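my_file.txt, holding compact mmCIF, N, CA and C atoms:
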```txt
# COMPACT_ATOMS: atom_id res chain seq x y z
N MET A 215 116.88 125.13 92.62
CA MET A 215 117.27 125.44 93.98
C MET A 215 116.03 125.43 94.86
N THR A 216 116.11 124.77 95.98
CA THR A 216 114.96 124.69 96.87
C THR A 216 114.92 125.88 97.81
N LYS A 217 113.73 126.16 98.29
CA LYS A 217 113.57 127.27 99.23
C LYS A 217 114.18 126.87 100.57
N PRO A 218 114.95 127.77 101.20
CA PRO A 218 115.44 127.44 102.53
C PRO A 218 114.28 127.48 103.52
N PHE A 219 114.37 126.64 104.51
CA PHE A 219 113.34 126.60 105.55
C PHE A 219 111.96 126.33 104.98
N LYS A 220 111.89 125.44 103.98
CA LYS A 220 110.61 125.15 103.32
C LYS A 220 109.56 124.69 104.31
N THR A 221 109.97 123.95 105.30
CA THR A 221 108.99 123.49 106.27
C THR A 221 109.30 124.09 107.63
N LEU A 222 108.26 124.48 108.31
CA LEU A 222 108.41 125.01 109.65
C LEU A 222 108.14 123.90 110.65
N SER A 223 108.90 123.87 111.69
CA SER A 223 108.64 122.87 112.72
C SER A 223 107.36 123.24 113.45
N THR A 224 106.80 122.28 114.14
CA THR A 224 105.60 122.54 114.93
C THR A 224 105.87 123.62 115.95
N ALA A 225 107.04 123.58 116.56
CA ALA A 225 107.38 124.58 117.58
C ALA A 225 107.46 125.97 116.97
N ALA A 226 108.07 126.08 115.79
CA ALA A 226 108.16 127.39 115.14
C ALA A 226 106.79 127.90 114.76
N LEU A 227 105.95 127.01 114.25
CA LEU A 227 104.59 127.40 113.87
C LEU A 227 103.82 127.86 115.10
N ALA A 228 103.92 127.14 116.18
CA ALA A 228 103.23 127.51 117.41
C ALA A 228 103.75 128.84 117.94
N ALA A 229 105.05 129.04 117.84
CA ALA A 229 105.63 130.29 118.31
C ALA A 229 105.09 131.47 117.52
N VAL A 230 104.90 131.29 116.23
CA VAL A 230 104.34 132.36 115.40
C VAL A 230 102.91 132.66 115.83
N PHE A 231 102.10 131.60 116.01
CA PHE A 231 100.73 131.81 116.46
C PHE A 231 100.71 132.48 117.83
N ALA A 232 101.57 132.00 118.72
CA ALA A 232 101.59 132.52 120.08
C ALA A 232 102.05 133.97 120.11
N SER A 233 103.08 134.29 119.35
CA SER A 233 103.58 135.66 119.38
C SER A 233 102.56 136.65 118.84
N SER A 234 101.81 136.24 117.84
CA SER A 234 100.81 137.16 117.29
C SER A 234 99.63 137.32 118.24
N ALA A 235 99.35 136.31 119.04
CA ALA A 235 98.24 136.39 119.98
C ALA A 235 98.63 137.10 121.26
N LEU A 236 99.87 136.90 121.71
CA LEU A 236 100.29 137.47 122.98
C LEU A 236 100.77 138.91 122.85
N VAL A 237 101.27 139.28 121.68
CA VAL A 237 101.79 140.62 121.49
C VAL A 237 101.08 141.26 120.30
N PRO A 238 99.86 141.76 120.50
CA PRO A 238 99.17 142.40 119.39
C PRO A 238 99.90 143.67 118.98
N VAL A 239 99.99 143.88 117.69
CA VAL A 239 100.70 145.04 117.17
C VAL A 239 99.70 146.00 116.58
N ALA A 240 99.73 147.24 117.04
CA ALA A 240 98.85 148.26 116.48
C ALA A 240 99.59 148.94 115.35
N SER A 241 98.99 148.97 114.20
CA SER A 241 99.62 149.57 113.03
C SER A 241 98.65 150.51 112.35
N ALA A 242 99.14 151.66 111.93
CA ALA A 242 98.28 152.62 111.24
C ALA A 242 97.84 152.08 109.90
N GLU A 243 98.65 151.18 109.31
CA GLU A 243 98.31 150.63 108.01
C GLU A 243 97.30 149.50 108.10
N ALA A 244 97.23 148.85 109.24
CA ALA A 244 96.37 147.67 109.38
C ALA A 244 94.90 148.07 109.40
N PRO A 245 94.08 147.34 108.64
CA PRO A 245 92.65 147.62 108.68
C PRO A 245 92.08 147.19 110.02
N ALA A 246 90.90 147.69 110.33
CA ALA A 246 90.27 147.39 111.62
C ALA A 246 90.05 145.90 111.80
N ALA A 247 89.75 145.20 110.71
CA ALA A 247 89.47 143.76 110.79
C ALA A 247 90.61 142.98 110.14
N ALA A 248 91.81 143.11 110.70
CA ALA A 248 92.96 142.39 110.16
C ALA A 248 92.77 140.89 110.35
N ALA A 249 93.34 140.13 109.44
CA ALA A 249 93.21 138.67 109.50
C ALA A 249 93.94 138.14 110.73
N SER A 250 93.32 137.18 111.39
CA SER A 250 93.95 136.54 112.54
C SER A 250 93.49 135.08 112.60
N VAL A 251 94.28 134.26 113.26
CA VAL A 251 93.94 132.85 113.41
C VAL A 251 92.94 132.73 114.56
N GLU A 252 91.81 132.10 114.29
CA GLU A 252 90.78 131.91 115.31
C GLU A 252 90.79 130.47 115.84
N LYS A 253 90.93 129.51 114.92
CA LYS A 253 90.87 128.10 115.30
C LYS A 253 91.99 127.34 114.61
N VAL A 254 92.34 126.22 115.22
CA VAL A 254 93.39 125.37 114.70
C VAL A 254 92.83 123.95 114.63
N VAL A 255 93.03 123.29 113.49
CA VAL A 255 92.61 121.89 113.36
C VAL A 255 93.86 121.03 113.52
N VAL A 256 93.82 120.17 114.53
CA VAL A 256 94.96 119.30 114.82
C VAL A 256 94.59 117.85 114.56
N GLU A 257 95.62 117.04 114.34
CA GLU A 257 95.39 115.61 114.17
C GLU A 257 95.70 114.93 115.50
N GLN A 258 94.72 114.21 116.02
CA GLN A 258 94.86 113.52 117.30
C GLN A 258 94.30 112.12 117.14
N ASP A 259 95.13 111.11 117.31
CA ASP A 259 94.71 109.71 117.19
C ASP A 259 94.00 109.43 115.87
N GLY A 260 94.51 110.01 114.79
CA GLY A 260 93.94 109.77 113.47
C GLY A 260 92.68 110.57 113.17
N LYS A 261 92.26 111.43 114.09
CA LYS A 261 91.07 112.25 113.89
C LYS A 261 91.47 113.71 113.76
N LEU A 262 90.69 114.46 112.98
CA LEU A 262 90.89 115.89 112.87
C LEU A 262 89.98 116.57 113.89
N ILE A 263 90.57 117.34 114.79
CA ILE A 263 89.81 117.98 115.86
C ILE A 263 90.12 119.48 115.85
N GLU A 264 89.06 120.29 115.90
CA GLU A 264 89.20 121.74 115.87
C GLU A 264 89.17 122.29 117.29
N ILE A 265 90.21 123.08 117.62
CA ILE A 265 90.27 123.75 118.91
C ILE A 265 90.53 125.23 118.67
N THR A 266 90.36 126.04 119.70
CA THR A 266 90.61 127.47 119.55
C THR A 266 92.11 127.74 119.52
N GLN A 267 92.47 128.89 119.00
CA GLN A 267 93.88 129.27 118.98
C GLN A 267 94.40 129.37 120.41
N LYS A 268 93.60 129.90 121.32
CA LYS A 268 94.02 130.04 122.71
C LYS A 268 94.32 128.67 123.32
N GLU A 269 93.46 127.69 123.05
CA GLU A 269 93.71 126.34 123.57
C GLU A 269 95.02 125.78 123.00
N TYR A 270 95.24 126.02 121.71
CA TYR A 270 96.47 125.55 121.07
C TYR A 270 97.69 126.20 121.71
N ILE A 271 97.63 127.50 121.93
CA ILE A 271 98.76 128.21 122.53
C ILE A 271 99.01 127.71 123.95
N ASP A 272 97.94 127.50 124.71
CA ASP A 272 98.08 126.97 126.07
C ASP A 272 98.77 125.60 126.06
N LEU A 273 98.39 124.74 125.10
CA LEU A 273 99.04 123.43 124.97
C LEU A 273 100.52 123.59 124.65
N PHE A 274 100.82 124.49 123.72
CA PHE A 274 102.21 124.72 123.33
C PHE A 274 103.03 125.23 124.51
N LEU A 275 102.49 126.19 125.25
CA LEU A 275 103.21 126.73 126.39
C LEU A 275 103.39 125.69 127.50
N ALA A 276 102.51 124.69 127.52
CA ALA A 276 102.63 123.60 128.50
C ALA A 276 103.59 122.51 128.02
N GLY A 277 104.21 122.71 126.86
CA GLY A 277 105.19 121.75 126.36
C GLY A 277 104.63 120.68 125.44
N LYS A 278 103.37 120.81 125.07
CA LYS A 278 102.77 119.84 124.15
C LYS A 278 102.77 120.44 122.75
N GLU A 279 102.93 119.60 121.76
CA GLU A 279 102.99 120.08 120.38
C GLU A 279 102.05 119.28 119.49
N PRO A 280 100.75 119.56 119.54
CA PRO A 280 99.83 118.83 118.66
C PRO A 280 100.14 119.12 117.20
N LYS A 281 99.88 118.15 116.35
CA LYS A 281 100.19 118.28 114.92
C LYS A 281 99.10 119.10 114.23
N VAL A 282 99.45 120.30 113.80
CA VAL A 282 98.51 121.20 113.14
C VAL A 282 98.35 120.81 111.68
N LYS A 283 97.11 120.69 111.22
CA LYS A 283 96.82 120.36 109.83
C LYS A 283 96.21 121.55 109.08
N PHE A 284 95.35 122.31 109.76
CA PHE A 284 94.65 123.44 109.15
C PHE A 284 94.55 124.58 110.15
N ILE A 285 94.39 125.80 109.61
CA ILE A 285 94.07 126.95 110.46
C ILE A 285 92.82 127.62 109.90
N THR A 286 92.01 128.16 110.78
CA THR A 286 90.81 128.89 110.37
C THR A 286 90.98 130.33 110.82
N LEU A 287 90.82 131.24 109.88
CA LEU A 287 90.98 132.66 110.19
C LEU A 287 89.68 133.25 110.72
N ASN A 288 89.76 134.50 111.14
CA ASN A 288 88.57 135.16 111.70
C ASN A 288 87.49 135.42 110.65
N ASP A 289 87.79 135.20 109.38
CA ASP A 289 86.76 135.32 108.33
C ASP A 289 86.09 133.97 108.06
N GLU A 290 86.36 132.99 108.94
CA GLU A 290 85.78 131.64 108.88
C GLU A 290 86.28 130.80 107.70
N LYS A 291 87.34 131.23 107.03
CA LYS A 291 87.92 130.45 105.94
C LYS A 291 89.08 129.62 106.49
N THR A 292 89.19 128.40 105.98
CA THR A 292 90.19 127.46 106.46
C THR A 292 91.26 127.24 105.40
N TYR A 293 92.52 127.14 105.86
CA TYR A 293 93.66 126.94 104.98
C TYR A 293 94.55 125.84 105.55
N THR A 294 95.29 125.18 104.66
CA THR A 294 96.21 124.14 105.11
C THR A 294 97.43 124.79 105.75
N VAL A 295 98.14 124.02 106.56
CA VAL A 295 99.37 124.51 107.15
C VAL A 295 100.39 124.79 106.06
N GLU A 296 100.38 124.00 104.99
CA GLU A 296 101.30 124.23 103.88
C GLU A 296 101.03 125.59 103.22
N GLN A 297 99.75 125.94 103.04
CA GLN A 297 99.42 127.25 102.48
C GLN A 297 99.94 128.37 103.39
N TYR A 298 99.73 128.20 104.69
CA TYR A 298 100.20 129.20 105.64
C TYR A 298 101.72 129.30 105.61
N THR A 299 102.40 128.16 105.61
CA THR A 299 103.87 128.15 105.60
C THR A 299 104.41 128.85 104.37
N ASP A 300 103.83 128.57 103.20
CA ASP A 300 104.27 129.24 101.97
C ASP A 300 104.07 130.75 102.06
N ALA A 301 102.92 131.17 102.58
CA ALA A 301 102.64 132.61 102.72
C ALA A 301 103.60 133.24 103.72
N PHE A 302 103.87 132.54 104.81
CA PHE A 302 104.76 133.05 105.86
C PHE A 302 106.18 133.23 105.32
N LEU A 303 106.66 132.23 104.59
CA LEU A 303 108.02 132.30 104.05
C LEU A 303 108.13 133.32 102.93
N SER A 304 107.09 133.48 102.13
CA SER A 304 107.15 134.44 101.02
C SER A 304 106.96 135.88 101.49
N ASN A 305 106.60 136.07 102.74
CA ASN A 305 106.43 137.41 103.30
C ASN A 305 107.48 137.72 104.36
N SER A 306 108.67 137.21 104.16
CA SER A 306 109.81 137.47 105.05
C SER A 306 109.50 137.20 106.51
N LEU A 307 108.80 136.10 106.76
CA LEU A 307 108.47 135.66 108.12
C LEU A 307 107.60 136.66 108.87
N ASP A 308 106.80 137.42 108.15
CA ASP A 308 105.87 138.38 108.76
C ASP A 308 104.50 137.73 108.86
N ASN A 309 104.09 137.40 110.08
CA ASN A 309 102.84 136.68 110.30
C ASN A 309 101.63 137.48 109.81
N ASP A 310 101.58 138.78 110.11
CA ASP A 310 100.43 139.59 109.70
C ASP A 310 100.27 139.63 108.19
N LYS A 311 101.39 139.80 107.48
CA LYS A 311 101.33 139.82 106.02
C LYS A 311 100.95 138.45 105.46
N ALA A 312 101.44 137.40 106.09
CA ALA A 312 101.11 136.04 105.65
C ALA A 312 99.62 135.78 105.78
N LEU A 313 99.04 136.16 106.92
CA LEU A 313 97.60 135.96 107.13
C LEU A 313 96.78 136.82 106.16
N GLU A 314 97.25 138.03 105.91
CA GLU A 314 96.56 138.90 104.96
C GLU A 314 96.60 138.29 103.55
N GLN A 315 97.75 137.75 103.17
CA GLN A 315 97.88 137.11 101.86
C GLN A 315 96.94 135.91 101.76
N LEU A 316 96.88 135.10 102.79
CA LEU A 316 95.96 133.96 102.78
C LEU A 316 94.53 134.44 102.59
N SER A 317 94.15 135.41 103.38
CA SER A 317 92.78 135.91 103.37
C SER A 317 92.39 136.50 102.02
N GLU A 318 93.33 137.18 101.38
CA GLU A 318 93.01 137.88 100.13
C GLU A 318 93.25 137.06 98.87
N LYS A 319 94.24 136.19 98.88
CA LYS A 319 94.65 135.56 97.63
C LYS A 319 94.55 134.04 97.58
N ALA A 320 94.63 133.39 98.71
CA ALA A 320 94.66 131.93 98.71
C ALA A 320 93.26 131.35 98.58
N THR A 321 93.20 130.14 98.07
CA THR A 321 91.93 129.43 97.95
C THR A 321 91.68 128.66 99.23
N ALA A 322 90.57 128.97 99.87
CA ALA A 322 90.22 128.29 101.12
C ALA A 322 89.88 126.83 100.83
N VAL A 323 90.07 125.99 101.82
CA VAL A 323 89.76 124.57 101.70
C VAL A 323 88.65 124.21 102.68
N THR A 324 88.04 123.07 102.44
CA THR A 324 87.01 122.57 103.35
C THR A 324 87.40 121.16 103.78
N PRO A 325 88.10 121.06 104.92
CA PRO A 325 88.49 119.73 105.37
C PRO A 325 87.28 118.91 105.78
N GLU A 326 87.36 117.61 105.52
CA GLU A 326 86.24 116.72 105.85
C GLU A 326 86.46 116.05 107.19
N ASN A 327 85.37 115.69 107.82
CA ASN A 327 85.39 114.92 109.07
C ASN A 327 86.14 115.62 110.20
N VAL A 328 85.97 116.94 110.31
CA VAL A 328 86.57 117.68 111.41
C VAL A 328 85.57 117.71 112.56
N LEU A 329 86.03 117.26 113.71
CA LEU A 329 85.18 117.22 114.89
C LEU A 329 85.46 118.45 115.76
N PRO A 330 84.42 119.03 116.33
CA PRO A 330 84.69 120.11 117.29
C PRO A 330 85.36 119.50 118.51
N GLY A 331 86.25 120.23 119.12
CA GLY A 331 86.95 119.67 120.26
C GLY A 331 87.23 120.70 121.33
N LYS A 332 87.89 120.24 122.36
CA LYS A 332 88.28 121.12 123.46
C LYS A 332 89.46 120.46 124.17
N VAL A 333 90.06 121.22 125.05
CA VAL A 333 91.14 120.69 125.87
C VAL A 333 90.55 120.45 127.26
N ASN A 334 90.68 119.22 127.75
CA ASN A 334 90.10 118.90 129.05
C ASN A 334 91.01 119.35 130.19
N GLU A 335 90.59 119.07 131.43
CA GLU A 335 91.34 119.51 132.62
C GLU A 335 92.74 118.91 132.67
N ASP A 336 92.93 117.76 132.05
CA ASP A 336 94.23 117.09 132.05
C ASP A 336 95.14 117.58 130.93
N GLY A 337 94.68 118.56 130.15
CA GLY A 337 95.48 119.07 129.06
C GLY A 337 95.48 118.19 127.83
N GLN A 338 94.46 117.34 127.71
CA GLN A 338 94.34 116.46 126.56
C GLN A 338 93.29 117.00 125.60
N ILE A 339 93.55 116.87 124.30
CA ILE A 339 92.57 117.28 123.30
C ILE A 339 91.55 116.16 123.16
N VAL A 340 90.29 116.52 123.32
CA VAL A 340 89.22 115.53 123.18
C VAL A 340 88.17 116.08 122.23
N ALA A 341 87.60 115.18 121.44
CA ALA A 341 86.53 115.56 120.53
C ALA A 341 85.24 115.66 121.33
N ASP A 342 84.44 116.70 121.04
CA ASP A 342 83.13 116.81 121.67
C ASP A 342 82.25 115.70 121.14
N GLU A 343 81.23 115.35 121.91
CA GLU A 343 80.27 114.37 121.43
C GLU A 343 79.56 114.92 120.20
N THR A 344 79.25 114.03 119.29
CA THR A 344 78.49 114.48 118.12
C THR A 344 77.06 114.74 118.55
N PRO A 345 76.36 115.63 117.87
CA PRO A 345 74.96 115.90 118.24
C PRO A 345 74.12 114.64 118.27
N GLU A 346 74.41 113.68 117.36
CA GLU A 346 73.63 112.44 117.32
C GLU A 346 73.78 111.67 118.63
N GLU A 347 75.00 111.62 119.15
CA GLU A 347 75.22 110.93 120.42
C GLU A 347 74.47 111.61 121.55
N LYS A 348 74.43 112.95 121.54
CA LYS A 348 73.71 113.68 122.58
C LYS A 348 72.21 113.42 122.47
N VAL A 349 71.70 113.38 121.24
CA VAL A 349 70.27 113.11 121.04
C VAL A 349 69.94 111.72 121.55
N ASN A 350 70.77 110.72 121.21
CA ASN A 350 70.53 109.36 121.67
C ASN A 350 70.58 109.28 123.19
N GLU A 351 71.53 109.97 123.80
CA GLU A 351 71.65 109.97 125.25
C GLU A 351 70.39 110.57 125.89
N THR A 352 69.92 111.69 125.34
CA THR A 352 68.70 112.33 125.85
C THR A 352 67.50 111.42 125.66
N PHE A 353 67.42 110.75 124.51
CA PHE A 353 66.30 109.86 124.23
C PHE A 353 66.24 108.75 125.27
N PHE A 354 67.38 108.10 125.52
CA PHE A 354 67.38 106.99 126.47
C PHE A 354 67.15 107.46 127.90
N TYR A 355 67.62 108.66 128.22
CA TYR A 355 67.38 109.21 129.55
C TYR A 355 65.89 109.46 129.74
N ASN A 356 65.25 110.06 128.73
CA ASN A 356 63.81 110.33 128.81
C ASN A 356 63.01 109.03 128.80
N LEU A 357 63.48 108.04 128.09
CA LEU A 357 62.80 106.75 128.02
C LEU A 357 62.81 106.07 129.39
N ALA A 358 63.93 106.20 130.09
CA ALA A 358 64.07 105.57 131.40
C ALA A 358 63.25 106.29 132.47
N ALA A 359 62.94 107.54 132.25
CA ALA A 359 62.24 108.34 133.27
C ALA A 359 60.79 108.01 133.38
```
Before anything else, please render the file you have as structure tokens.
Amino acid sequence: MTKPFKTLSTAALAAVFASSALVPVASAEAPAAAASVEKVVVEQDGKLIEITQKEYIDLFLAGKEPKVKFITLNDEKTYTVEQYTDAFLSNSLDNDKALEQLSEKATAVTPENVLPGKVNEDGQIVADETPEEKVNETFFYNLAA
């Protein structure tokens, strides 16, 4: 028998991230440094780009649904969306418990070729320039001076 709701839609996933960010819950049981999503790695034009959770939520609220591949928690550990989905479903759709389970029990992953990114004024996800490109730009600027 398969698990019901094995996969979460992008909208459902975004709603979970958004609800936990917009409505913080104070709990006597929660430790001071409870696990939370800090960054989201999305796939854009075949590239993996890391943006902040706030940027992701803003995109979602604007009606855009970037494809999430990984999440990074406040402990700087990264997990796949599948790991998060499994934890979320096994904890009766409780986001806080799912994040705690990931942080304490799941094996973190190290995705390759993730570019730092940001959301520009037009609401598009763009990869930041690589440091090498910035160095080359500075070199040629100084050379021309």
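Across the structure, atom N of Val256 of chain A and atom N of Phe284 of chain A are spaced 5.4 Å apart.
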For this session: Using backbone DSSP assignments, extract all helix (DSSP H, G or I) residues from segment 256-353 of chain A; output them as a ChimeraX atom specification.
Result: /A:267-275,295-304,309-319,345-353
Would you write out those residues with N, CA and C atoms, as a short mmCIF file (atom, residue, chain, number, x, y, z; two decimals), in the frame of the given file?
```cif
data_model
loop_
_atom_site.label_atom_id
_atom_site.label_comp_id
_atom_site.auth_asym_id
_atom_site.auth_seq_id
_atom_site.Cartn_x
_atom_site.Cartn_y
_atom_site.Cartn_z
N GLN A 267 92.47 128.89 119.00
CA GLN A 267 93.88 129.27 118.98
C GLN A 267 94.40 129.37 120.41
N LYS A 268 93.60 129.90 121.32
CA LYS A 268 94.02 130.04 122.71
C LYS A 268 94.32 128.67 123.32
N GLU A 269 93.46 127.69 123.05
CA GLU A 269 93.71 126.34 123.57
C GLU A 269 95.02 125.78 123.00
N TYR A 270 95.24 126.02 121.71
CA TYR A 270 96.47 125.55 121.07
C TYR A 270 97.69 126.20 121.71
N ILE A 271 97.63 127.50 121.93
CA ILE A 271 98.76 128.21 122.53
C ILE A 271 99.01 127.71 123.95
N ASP A 272 97.94 127.50 124.71
CA ASP A 272 98.08 126.97 126.07
C ASP A 272 98.77 125.60 126.06
N LEU A 273 98.39 124.74 125.10
CA LEU A 273 99.04 123.43 124.97
C LEU A 273 100.52 123.59 124.65
N PHE A 274 100.82 124.49 123.72
CA PHE A 274 102.21 124.72 123.33
C PHE A 274 103.03 125.23 124.51
N LEU A 275 102.49 126.19 125.25
CA LEU A 275 103.21 126.73 126.39
C LEU A 275 103.39 125.69 127.50
N VAL A 295 98.14 124.02 106.56
CA VAL A 295 99.37 124.51 107.15
C VAL A 295 100.39 124.79 106.06
N GLU A 296 100.38 124.00 104.99
CA GLU A 296 101.30 124.23 103.88
C GLU A 296 101.03 125.59 103.22
N GLN A 297 99.75 125.94 103.04
CA GLN A 297 99.42 127.25 102.48
C GLN A 297 99.94 128.37 103.39
N TYR A 298 99.73 128.20 104.69
CA TYR A 298 100.20 129.20 105.64
C TYR A 298 101.72 129.30 105.61
N THR A 299 102.40 128.16 105.61
CA THR A 299 103.87 128.15 105.60
C THR A 299 104.41 128.85 104.37
N ASP A 300 103.83 128.57 103.20
CA ASP A 300 104.27 129.24 101.97
C ASP A 300 104.07 130.75 102.06
N ALA A 301 102.92 131.17 102.58
CA ALA A 301 102.64 132.61 102.72
C ALA A 301 103.60 133.24 103.72
N PHE A 302 103.87 132.54 104.81
CA PHE A 302 104.76 133.05 105.86
C PHE A 302 106.18 133.23 105.32
N LEU A 303 106.66 132.23 104.59
CA LEU A 303 108.02 132.30 104.05
C LEU A 303 108.13 133.32 102.93
N SER A 304 107.09 133.48 102.13
CA SER A 304 107.15 134.44 101.02
C SER A 304 106.96 135.88 101.49
N ASN A 309 104.09 137.40 110.08
CA ASN A 309 102.84 136.68 110.30
C ASN A 309 101.63 137.48 109.81
N ASP A 310 101.58 138.78 110.11
CA ASP A 310 100.43 139.59 109.70
C ASP A 310 100.27 139.63 108.19
N LYS A 311 101.39 139.80 107.48
CA LYS A 311 101.33 139.82 106.02
C LYS A 311 100.95 138.45 105.46
N ALA A 312 101.44 137.40 106.09
CA ALA A 312 101.11 136.04 105.65
C ALA A 312 99.62 135.78 105.78
N LEU A 313 99.04 136.16 106.92
CA LEU A 313 97.60 135.96 107.13
C LEU A 313 96.78 136.82 106.16
N GLU A 314 97.25 138.03 105.91
CA GLU A 314 96.56 138.90 104.96
C GLU A 314 96.60 138.29 103.55
N GLN A 315 97.75 137.75 103.17
CA GLN A 315 97.88 137.11 101.86
C GLN A 315 96.94 135.91 101.76
N LEU A 316 96.88 135.10 102.79
CA LEU A 316 95.96 133.96 102.78
C LEU A 316 94.53 134.44 102.59
N SER A 317 94.15 135.41 103.38
CA SER A 317 92.78 135.91 103.37
C SER A 317 92.39 136.50 102.02
N GLU A 318 93.33 137.18 101.38
CA GLU A 318 93.01 137.88 100.13
C GLU A 318 93.25 137.06 98.87
N LYS A 319 94.24 136.19 98.88
CA LYS A 319 94.65 135.56 97.63
C LYS A 319 94.55 134.04 97.58
N PRO A 345 76.36 115.63 117.87
CA PRO A 345 74.96 115.90 118.24
C PRO A 345 74.12 114.64 118.27
N GLU A 346 74.41 113.68 117.36
CA GLU A 346 73.63 112.44 117.32
C GLU A 346 73.78 111.67 118.63
N GLU A 347 75.00 111.62 119.15
CA GLU A 347 75.22 110.93 120.42
C GLU A 347 74.47 111.61 121.55
N LYS A 348 74.43 112.95 121.54
CA LYS A 348 73.71 113.68 122.58
C LYS A 348 72.21 113.42 122.47
N VAL A 349 71.70 113.38 121.24
CA VAL A 349 70.27 113.11 121.04
C VAL A 349 69.94 111.72 121.55
N ASN A 350 70.77 110.72 121.21
CA ASN A 350 70.53 109.36 121.67
C ASN A 350 70.58 109.28 123.19
N GLU A 351 71.53 109.97 123.80
CA GLU A 351 71.65 109.97 125.25
C GLU A 351 70.39 110.57 125.89
N THR A 352 69.92 111.69 125.34
CA THR A 352 68.70 112.33 125.85
C THR A 352 67.50 111.42 125.66
N PHE A 353 67.42 110.75 124.51
CA PHE A 353 66.30 109.86 124.23
C PHE A 353 66.24 108.75 125.27
#
```
For this session: Name the residues in contact with segment 273-283 of chain A at a cut-off of 5 Å, using all atoms listed in the file, excluding same-chain residues fewer than 5 positions from it; report them as number ranges by chain.
Result: A: 255-257, 294-295
Exercise. Which polymer residues have any atom within 7 Å of an atom of Glu314 of chain A, counting all atoms listed in the file, with same-chain residues fewer than 3 positions away left out, as a PyMOL selection string?
Worked result: chain A and resi 248-250+309-311+317-319
I need the chosen residues saved as a PDB file, keeping the file's coordinate frame, with N, CA and C atoms.
```pdb
ATOM      1  N   ALA A 248      91.810 143.110 110.700  1.00  0.00           N
ATOM      2  CA  ALA A 248      92.960 142.390 110.160  1.00  0.00           C
ATOM      3  C   ALA A 248      92.770 140.890 110.350  1.00  0.00           C
ATOM      4  N   ALA A 249      93.340 140.130 109.440  1.00  0.00           N
ATOM      5  CA  ALA A 249      93.210 138.670 109.500  1.00  0.00           C
ATOM      6  C   ALA A 249      93.940 138.140 110.730  1.00  0.00           C
ATOM      7  N   SER A 250      93.320 137.180 111.390  1.00  0.00           N
ATOM      8  CA  SER A 250      93.950 136.540 112.540  1.00  0.00           C
ATOM      9  C   SER A 250      93.490 135.080 112.600  1.00  0.00           C
ATOM     10  N   ASN A 309     104.090 137.400 110.080  1.00  0.00           N
ATOM     11  CA  ASN A 309     102.840 136.680 110.300  1.00  0.00           C
ATOM     12  C   ASN A 309     101.630 137.480 109.810  1.00  0.00           C
ATOM     13  N   ASP A 310     101.580 138.780 110.110  1.00  0.00           N
ATOM     14  CA  ASP A 310     100.430 139.590 109.700  1.00  0.00           C
ATOM     15  C   ASP A 310     100.270 139.630 108.190  1.00  0.00           C
ATOM     16  N   LYS A 311     101.390 139.800 107.480  1.00  0.00           N
ATOM     17  CA  LYS A 311     101.330 139.820 106.020  1.00  0.00           C
ATOM     18  C   LYS A 311     100.950 138.450 105.460  1.00  0.00           C
ATOM     19  N   SER A 317      94.150 135.410 103.380  1.00  0.00           N
ATOM     20  CA  SER A 317      92.780 135.910 103.370  1.00  0.00           C
ATOM     21  C   SER A 317      92.390 136.500 102.020  1.00  0.00           C
ATOM     22  N   GLU A 318      93.330 137.180 101.380  1.00  0.00           N
ATOM     23  CA  GLU A 318      93.010 137.880 100.130  1.00  0.00           C
ATOM     24  C   GLU A 318      93.250 137.060  98.870  1.00  0.00           C
ATOM     25  N   LYS A 319      94.240 136.190  98.880  1.00  0.00           N
ATOM     26  CA  LYS A 319      94.650 135.560  97.630  1.00  0.00           C
ATOM     27  C   LYS A 319      94.550 134.040  97.580  1.00  0.00           C
TER      28      LYS A 319
END
```
For this session: Please provide the set of residues having any atom within 9 Å of Glu269 of chain A, restricted to only C-alpha atoms, with same-chain residues fewer than 6 positions apart removed, written as JSON, numbers by chain.
Result: {"A": [253, 254, 332, 333]}
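Between Asp272 of chain A and the residues A:Val328, A:Gly337, A:Ala322, A:Asp342, the shortest atom-to-atom distance, using all atoms listed in the file, involves A:Gly337.
Near Ala320 of chain A, within 12 Å and counting only C-alpha atoms, sit Lys291, Thr292, Tyr293, Thr294, Glu296, Gln297, Tyr298, Asp300, Ala301, Ala312, Leu313, Glu314, Gln315, Leu316, Ser317, Glu318, Ala322 and Val323 of chain A; same-chain residues fewer than 2 positions away were not included.
Backbone DSSP over segment 282-340 of chain A yields strand (DSSP E or B) at Val282, Lys283, Phe284, Ile285, Thr286, Leu287, Thr292, Tyr293, Thr294, Val323, Val328, Leu329, Pro330, Gly331, Lys332, Val333, Ile339 and Val340 of chain A.
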Seminar exercise, completed: Here atom N of Gln258 of chain A and atom C of Leu329 of chain A stand apart by 10.2 Å
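You can rank A:Leu307, A:Val251, A:Ala341, A:Ile263 by their closest distance to Asp289 of chain A using all atoms listed in the file, and at the top of that list sits A:Val251.
If you measure from each of A:Ile285, A:Asn334, A:Phe302, A:Asn327 to Gly260 of chain A using only C-alpha atoms, the closest one turns out to be A:Asn327.
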Problem set entry | Pairwise distance for atom N of Lys268 of chain A and atom CA of Glu252 of chain A, rounded to one decimal in Å | 6.9 Å
